[in-house]
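K.L.:
A single structure is presented below for examination.
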Amino acid sequence: MQIKKIHIVSFTIPYPPNYGGVIDVFYKIKALWENQAEIILHCFEYDREKAEVLLKYCKQVYYYPRKKSFTNFLSVTPFIVKSRSSNELFKNLMNDDYPIIFEGVHTTYCLPQIKNNRKIIIRTHNIEHNYYRLLAKKEMNFFKKIYYLTEALKLKFYETTVLAKGSLATISPGDQSYFININPNSFLVPAFHSNKKVTAQTGFGKYILFHGNLSVNENIQAVHYIIKNLCPKVDYKFVFAGKDPAKSLIKRVSKYKNAQIIANPSNSEMDQLINDAHINLLITFQDTGIKLKLINALFKGRFCLVNNLMVNNTGLEQLTEIADHAANFIKQINYLMQQPYGENELNKREQILLKIVNNNLNAQKIITLLQSNDQP
């Protein structure tokens with residue numbers, strides 16, 4: 001495969017890789033580097049420290065300040081885009097004609113100024129206007145709700161205009177079916193992740209695990225649902241593990257003898273928690289993108305019990321157990337906790353996961369796209 005020099009424009013510093021979008025960016029960089037790509041990385045710096053480890057995989061790394069001024073809130077351009085405008089970034093991209101990967105709609109402010117003959121991929125991590133609309137629906141703070149609603153409206157218009165340029169690398173089959181109507185040059189490139197092989201164990205685990213960032217509304221809502229509807233009616237232990245658990249969760253979980261919160265586990269501790277669980281219970285009330293925690297649980301854990309919104313249009317439905325009502329979750333939990341996780345399930349996972357979410361194959365797909373701008 002021909003060696004390519006590639007610009008990657010990241011919405012933030014993609015290290016450490018400890019949440020969804022950043023995980024996808026970091027392991028994409030690593031996989032492209034393993035396929036001999038020379039990467040020039042551009043990062044917006046605002047809530048993370050500069051990371052020297054990125055120089056292991058990138059020929060050069062540039063950092064640009066994110067501009068969170070009030071005037072950028074008032075712009076007709078979405079704030080997540082306008083706040084990442086940079087003349088310096090544009091000049092650096094114009095120093096050569098290497099292909100560019102824009103990570104998320106967030107980073108595309110300068111895209112309209114780039115000539116049409118440049119090889120460009122926009123990585124869509126979400127249908128962003130849907131994501132912001134759902135954030136607004138769940139937000140209790142009036143001013144934040146107005147911001148999310150306004151941003152959703154701006155993003156819907158912005159996506160239909162700017163994303164028609166270059167090629168789109170969509171992250172899930174559901175997103176692909178939406179974006180192909182905006183840009184026919186849209187191709188499914190599933191999420192990049194930290195796993196190289198399936199490490200799930202057969203036999204029995206010790207508890208039911210829910211994991212994720214416990215400070216975000218989506219996961220807080222899911223934990224409250226589990227605490228209210230499942231914990232009091234199931235005689236098995238529940239573990240809730242993740243980043244910065246909200247005080248409301250800590251207080252509520254403490255009322256149940258069969259429930260425990262583990263705050264801010266390290267990556268290795270989280271991997272062990274997933275590995276030791278008998279059921280990875282993954283519930284979401286937002287049908288957006290693909291959840292990296294689902295991929296992690298499938299590679300590292302035993303049974304994965306999910307609701308439809310967690311797996312809908314991901315291609316991973318057949319690897320999970322699905323329930324959508326409390327009574328069904330309880331029935332599935334009581335059944336699965338009595339069943340050993342077997343070799344047949346493990347073999348099925350290995351075959352499907354290494355075909356669908358294979359970092360090496362998906363890096364090669366991106367390189368082919370950048371060489372041709374046609375479907376690989």
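Chain lettering (A, B, ...) mirrors the order of the structure tokens, residue numbering begins at 1 for each chain separately, and ligand numbering begins at 1 in order of display.
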Please list as a VMD selection string every residue within 7 Å of Val239 in chain A, counting only C-alpha atoms and excluding residues in the same chain fewer than 4 positions away.
P.N.:
chain A and resid 207 to 210 259 to 261
K.L.:
Atoms to include: C-alpha atoms. Write the selected residues as a PDB file, in the first residue's frame.
P.N.:
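As a result, result_18.pdb now contains:
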ATOM      1  CA  TYR A 207     -21.887  -9.175  39.108  1.00  0.00           C
ATOM      2  CA  ILE A 208     -23.888  -6.998  36.718  1.00  0.00           C
ATOM      3  CA  LEU A 209     -21.906  -3.992  35.461  1.00  0.00           C
ATOM      4  CA  PHE A 210     -22.982  -0.630  34.054  1.00  0.00           C
ATOM      5  CA  ALA A 259     -25.448  -1.821  44.478  1.00  0.00           C
ATOM      6  CA  GLN A 260     -21.995  -0.206  44.463  1.00  0.00           C
ATOM      7  CA  ILE A 261     -20.372   2.761  42.700  1.00  0.00           C
TER       8      ILE A 261
END
K.L.:
Just want the 12 Å neighbourhood of Gly20 in chain A, counted on only C-alpha atoms, with same-chain residues fewer than 2 positions away dropped. Output as a ChimeraX atom specification.
P.N.:
/A:14-18,22-27,125-126,171,191-194,212-213,288-296
K.L.:
Excluding Thr12 in chain A and residues on its chain fewer than 5 positions from it, collect all residues at most 6 Å away from it, counting only C-alpha atoms, and give them as a list in words.
P.N.:
Cys43, Phe44 and Glu45 of chain A
K.L.:
Taking all heavy atoms for each residue, export the selection above as a short mmCIF file (atom, residue, chain, number, x, y, z; two decimals), in the first residue's frame.
P.N.:
data_model
loop_
_atom_site.label_atom_id
_atom_site.label_comp_id
_atom_site.auth_asym_id
_atom_site.auth_seq_id
_atom_site.Cartn_x
_atom_site.Cartn_y
_atom_site.Cartn_z
N CYS A 43 -4.48 19.92 16.64
CA CYS A 43 -5.39 19.73 17.79
C CYS A 43 -5.85 21.08 18.33
O CYS A 43 -5.05 22.01 18.44
CB CYS A 43 -4.68 19.02 18.94
SG CYS A 43 -3.82 17.51 18.51
N PHE A 44 -7.11 21.13 18.71
CA PHE A 44 -7.60 22.29 19.45
C PHE A 44 -7.42 22.04 20.93
O PHE A 44 -7.80 21.00 21.46
CB PHE A 44 -9.05 22.59 19.09
CG PHE A 44 -9.18 23.22 17.73
CD1 PHE A 44 -9.42 22.45 16.61
CD2 PHE A 44 -9.00 24.59 17.58
CE1 PHE A 44 -9.50 23.02 15.35
CE2 PHE A 44 -9.08 25.18 16.32
CZ PHE A 44 -9.33 24.38 15.21
N GLU A 45 -6.81 23.02 21.60
CA GLU A 45 -6.40 22.87 23.00
C GLU A 45 -7.29 23.73 23.88
O GLU A 45 -7.37 24.95 23.70
CB GLU A 45 -4.94 23.31 23.14
CG GLU A 45 -4.37 23.18 24.53
CD GLU A 45 -2.93 23.68 24.62
OE1 GLU A 45 -2.41 24.19 23.60
OE2 GLU A 45 -2.35 23.56 25.70
#
K.L.:
Excluding Gly315 in chain A and any residue of its chain fewer than 4 positions from it, enumerate the residues within 8 Å of it, using only C-alpha atoms, and give them as a list in words.
P.N.:
Ser172, Pro173, Val311 and Ile356 of chain A
K.L.:
Would you kindly return, as a list of chain:residue names, each protein, DNA or RNA residue with an atom no farther than 9 Å from any atom of range 362-365 of chain A, considering only C-alpha atoms and excluding same-chain residues fewer than 4 positions away?
P.N.:
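Non-adjacent residues within range: A:Met1, A:Lys28, A:Ile29, A:Ala31, A:Leu32, A:Glu34, A:Asn35, A:Val189, A:Pro190, A:Ala191, A:Phe192, A:Ile356, A:Val357, A:Asn358, A:Leu369, A:Leu370, A:Gln375, A:Pro376.
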K.L.:
Taking only range 208-248 of chain A into account, list the residues labelled helix (DSSP H, G or I) by DSSP (computed from the backbone), as JSON, numbers by chain.
P.N.:
{"A": [217, 218, 219, 220, 221, 222, 223, 224, 225, 226, 227, 228, 229, 231, 232, 233, 247, 248]}
K.L.:
From range 45-88 of chain A, collect each residue whose DSSP state is strand (DSSP E) and return the set as a list in words.
P.N.:
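Strand (DSSP E) assignments inside range 45-88 of chain A correspond to Glu45, Gln60, Val61, Tyr62, Tyr63, Tyr64 and Pro65 of chain A.
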K.L.:
Compare A:Pro99, A:Gly242, A:Gly342, A:Gly301 by their minimum atom-to-atom distance to Ile367 in chain A, counting only C-alpha atoms, and give me the closest one.
P.N.:
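The closest residue to Ile367 in chain A is A:Pro99.
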K.L.:
Interatomic distance between CA of Ile40 in chain A and CA of Tyr63 in chain A?
P.N.:
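About the pair CA of Ile40 in chain A and CA of Tyr63 in chain A: they are 11.2 Å apart.
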K.L.:
Can you tell me which residues surround Ala327 in chain A at a distance of at most 12 Å, considering only C-alpha atoms, apart from same-chain residues fewer than 2 positions away, and format the answer as a PyMOL selection string?
P.N.:
chain A and resi 226+229-230+233-234+323-325+329-334
K.L.:
Need the shell around Gln338 in chain A: protein/DNA/RNA residues with any atom at most 12 Å away, counting only C-alpha atoms. Skip same-chain ones fewer than 2 positions apart. Format as a PyMOL selection string?
P.N.:
chain A and resi 203-207+236+278-279+303+331-336+340-341
K.L.:
Convert the current residue selection to file output with N, CA, C and O atoms, as a short mmCIF file (atom, residue, chain, number, x, y, z; two decimals), in the first residue's frame.
P.N.:
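Just written: again-v5.cif:
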data_model
loop_
_atom_site.label_atom_id
_atom_site.label_comp_id
_atom_site.auth_asym_id
_atom_site.auth_seq_id
_atom_site.Cartn_x
_atom_site.Cartn_y
_atom_site.Cartn_z
N GLY A 203 -17.47 -19.10 31.17
CA GLY A 203 -17.86 -19.41 32.54
C GLY A 203 -18.70 -18.32 33.17
O GLY A 203 -19.43 -17.59 32.49
N PHE A 204 -18.57 -18.18 34.50
CA PHE A 204 -19.42 -17.27 35.26
C PHE A 204 -18.63 -16.05 35.74
O PHE A 204 -17.47 -16.16 36.16
N GLY A 205 -19.26 -14.89 35.70
CA GLY A 205 -18.71 -13.69 36.30
C GLY A 205 -19.33 -13.45 37.66
O GLY A 205 -20.05 -14.29 38.20
N LYS A 206 -19.07 -12.26 38.22
CA LYS A 206 -19.39 -12.02 39.63
C LYS A 206 -20.55 -11.05 39.86
O LYS A 206 -21.10 -11.00 40.96
N TYR A 207 -20.91 -10.24 38.86
CA TYR A 207 -21.89 -9.17 39.11
C TYR A 207 -22.43 -8.65 37.77
O TYR A 207 -22.02 -9.10 36.70
N TYR A 236 -29.12 -9.97 42.63
CA TYR A 236 -27.72 -10.02 42.23
C TYR A 236 -27.07 -8.65 42.43
O TYR A 236 -27.75 -7.62 42.50
N HIS A 278 -20.48 -10.73 34.94
CA HIS A 278 -21.20 -11.79 34.22
C HIS A 278 -22.10 -11.18 33.16
O HIS A 278 -22.26 -11.74 32.07
N ILE A 279 -22.68 -10.02 33.49
CA ILE A 279 -23.50 -9.29 32.52
C ILE A 279 -23.00 -7.85 32.46
O ILE A 279 -22.87 -7.19 33.48
N PHE A 303 -21.72 -11.81 28.88
CA PHE A 303 -23.00 -11.44 28.27
C PHE A 303 -23.17 -9.91 28.24
O PHE A 303 -22.85 -9.22 29.21
N LYS A 331 -36.28 -10.47 33.69
CA LYS A 331 -36.35 -11.86 33.22
C LYS A 331 -35.02 -12.29 32.61
O LYS A 331 -34.51 -13.40 32.90
N GLN A 332 -34.41 -11.44 31.78
CA GLN A 332 -33.13 -11.77 31.13
C GLN A 332 -32.02 -11.87 32.16
O GLN A 332 -31.16 -12.77 32.08
N ILE A 333 -31.99 -10.96 33.13
CA ILE A 333 -30.95 -11.00 34.17
C ILE A 333 -31.03 -12.31 34.96
O ILE A 333 -30.02 -13.00 35.17
N ASN A 334 -32.24 -12.65 35.40
CA ASN A 334 -32.41 -13.88 36.19
C ASN A 334 -32.02 -15.12 35.40
O ASN A 334 -31.50 -16.09 35.97
N TYR A 335 -32.26 -15.08 34.10
CA TYR A 335 -31.89 -16.23 33.26
C TYR A 335 -30.37 -16.27 33.02
O TYR A 335 -29.72 -17.29 33.24
N LEU A 336 -29.81 -15.14 32.56
CA LEU A 336 -28.40 -15.12 32.18
C LEU A 336 -27.46 -15.37 33.36
O LEU A 336 -26.41 -15.99 33.20
N PRO A 340 -23.66 -20.22 32.10
CA PRO A 340 -22.24 -19.94 31.84
C PRO A 340 -22.08 -19.32 30.45
O PRO A 340 -22.82 -19.65 29.52
N TYR A 341 -21.14 -18.39 30.36
CA TYR A 341 -20.82 -17.85 29.04
C TYR A 341 -19.94 -18.87 28.31
O TYR A 341 -18.91 -19.28 28.84
#
K.L.:
Taking into account only C-alpha atoms, which residue in the set A:Glu88, A:Ile120, A:Thr77, A:Lys144 is nearest to Ile6 in chain A?
P.N.:
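The closest residue to Ile6 in chain A is A:Ile120.
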K.L.:
Quick check, in Å to one decimal: how far apart do CA of Lys243 in chain A and CA of Asn217 in chain A lie?
P.N.:
12.6 Å
K.L.:
Which is closer to Lys91 in chain A than all the others in A:Leu309, A:Val216, A:Ile127, A:Ile114, using only C-alpha atoms?
P.N.:
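Among the listed residues, A:Ile114 lies closest to Lys91 in chain A.
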K.L.:
Can you measure CA of Leu135 in chain A to CA of Ala297 in chain A for me? One decimal in Å is fine.
P.N.:
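Straight-line distance from CA of Leu135 in chain A to CA of Ala297 in chain A works out to 24.7 Å.
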K.L.:
Would you mind telling me which residue in A:Gln36, A:Gln339, A:Gln371, A:Asn328 lies nearest to Tyr57 in chain A when using only C-alpha atoms?
P.N.:
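Closest residue, counting only C-alpha atoms: A:Gln36.
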